[in-house]
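Please read the structure below before turning to the comments.
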Amino acid sequence: MEPTSPGAPELAHVDLYWLPLGSGGARCVRGSGRLFEAIVARHQHRDMQDLYHSALQVQLGGDRFVIEMAPVWSMDAPNRGVVAEGAVGLPWLGRYRLFRYEVRCWKGGVIPDVADAVASPRRLSTDRIRARRLLDLVPAFPTATWGRDDLGTGDMWNSNSLISWLLARSGHRMDAVAAPAHGRAPGWAAGVVVASRQRTATAAVTQVTQPVAWASVTSATDPDQLTSGPAPRTDETTSRIA
């Protein structure tokens, strides 16, 4: 990721935006989303809820970045910060432009339908280290097939997975994040679950490769000092969003 502008103040913040699914005039997306929610709500024996798509705006020094997932054909603006692409629906469909999504980390960019955002922006942090880590993580996002559960999380992979994965991996408090009232964000839980798995795997590798300080081990009187804590739980977080 590019460094901040020379002489820029060391301010930083991460803002979350909740955008109604299909906002900005995308009637097809809105209609298909409502049909999807009607089917899911009927299956789960509950009332229908509003569906939301999420995006981030990150300020780091004098630079501002917009992070979002969208269809590759949804915008023709050059230099819009595309760092990755993935397939929509089925992996083999990704060879066609109509069935590909893109991940953007757009310096100085815009959220096209920001005027329709609900209960937004929500400031999640003002920590420079977390903001920098989040920006550095964007190119590493797992580009699984949109709309499927190929990673076995129990939820579909989509634009909300991108945002929740980035927030979780960069150390933000996920239990404090919830969709607007009477709404939900399909795919959010998938990003949280995958981020938790990756943190657990990283911790396990670190524990195996870390040299043992035998003097400290033999002098420790509390067995709890010799073990790692439990892996982070995601059940409370995912229930708040989905």
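As shown in the structure tokens, the chain order sets the letters A, B, ...; within each chain, residues go from 1, and ligands are also counted from 1 in the order they appear.
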Write out as a ChimeraX atom specification the set of residues from range 128-215 of chain A that DSSP, computed on the backbone, places in helix (DSSP H, G or I). /A:128-140,159-169,174-176,188-209,214-215
Pick out each residue of range 112-148 of chain A that DSSP on the backbone tags as strand (DSSP E); I need them as a ChimeraX atom specification. /A:118-125
Residues within 9 Å of range 177-192 of chain A, only C-alpha atoms, excluding chain neighbours under 6 positions, as a PyMOL selection string: chain A and resi 18+48-54+118-119+124+147+149+151-169+234-235+237-242
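Using only C-alpha atoms for every distance, the candidate list A:Arg95, A:Arg80, A:Arg42, A:Arg104 yields A:Arg104 as the residue closest to Ala55 in chain A.
A straight line drawn from CA of Asp63 in chain A to CA of Pro121 in chain A is 17.6 Å long.
The interatomic distance for the pair CA of Leu21 in chain A and CA of Ser120 in chain A works out to 14.6 Å.
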Tell me, in Å to one decimal, how far CA of Ala87 in chain A is from CA of Ala115 in chain A.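 Computing it gives 28.2 Å between the two atoms.
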My list of candidates is A:Phe141, A:Trp73, A:Tyr17, A:Trp146. Which is closest to Leu93 in chain A when distances are computed with only C-alpha atoms?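 Smallest distance to Leu93 in chain A is found for A:Trp146.
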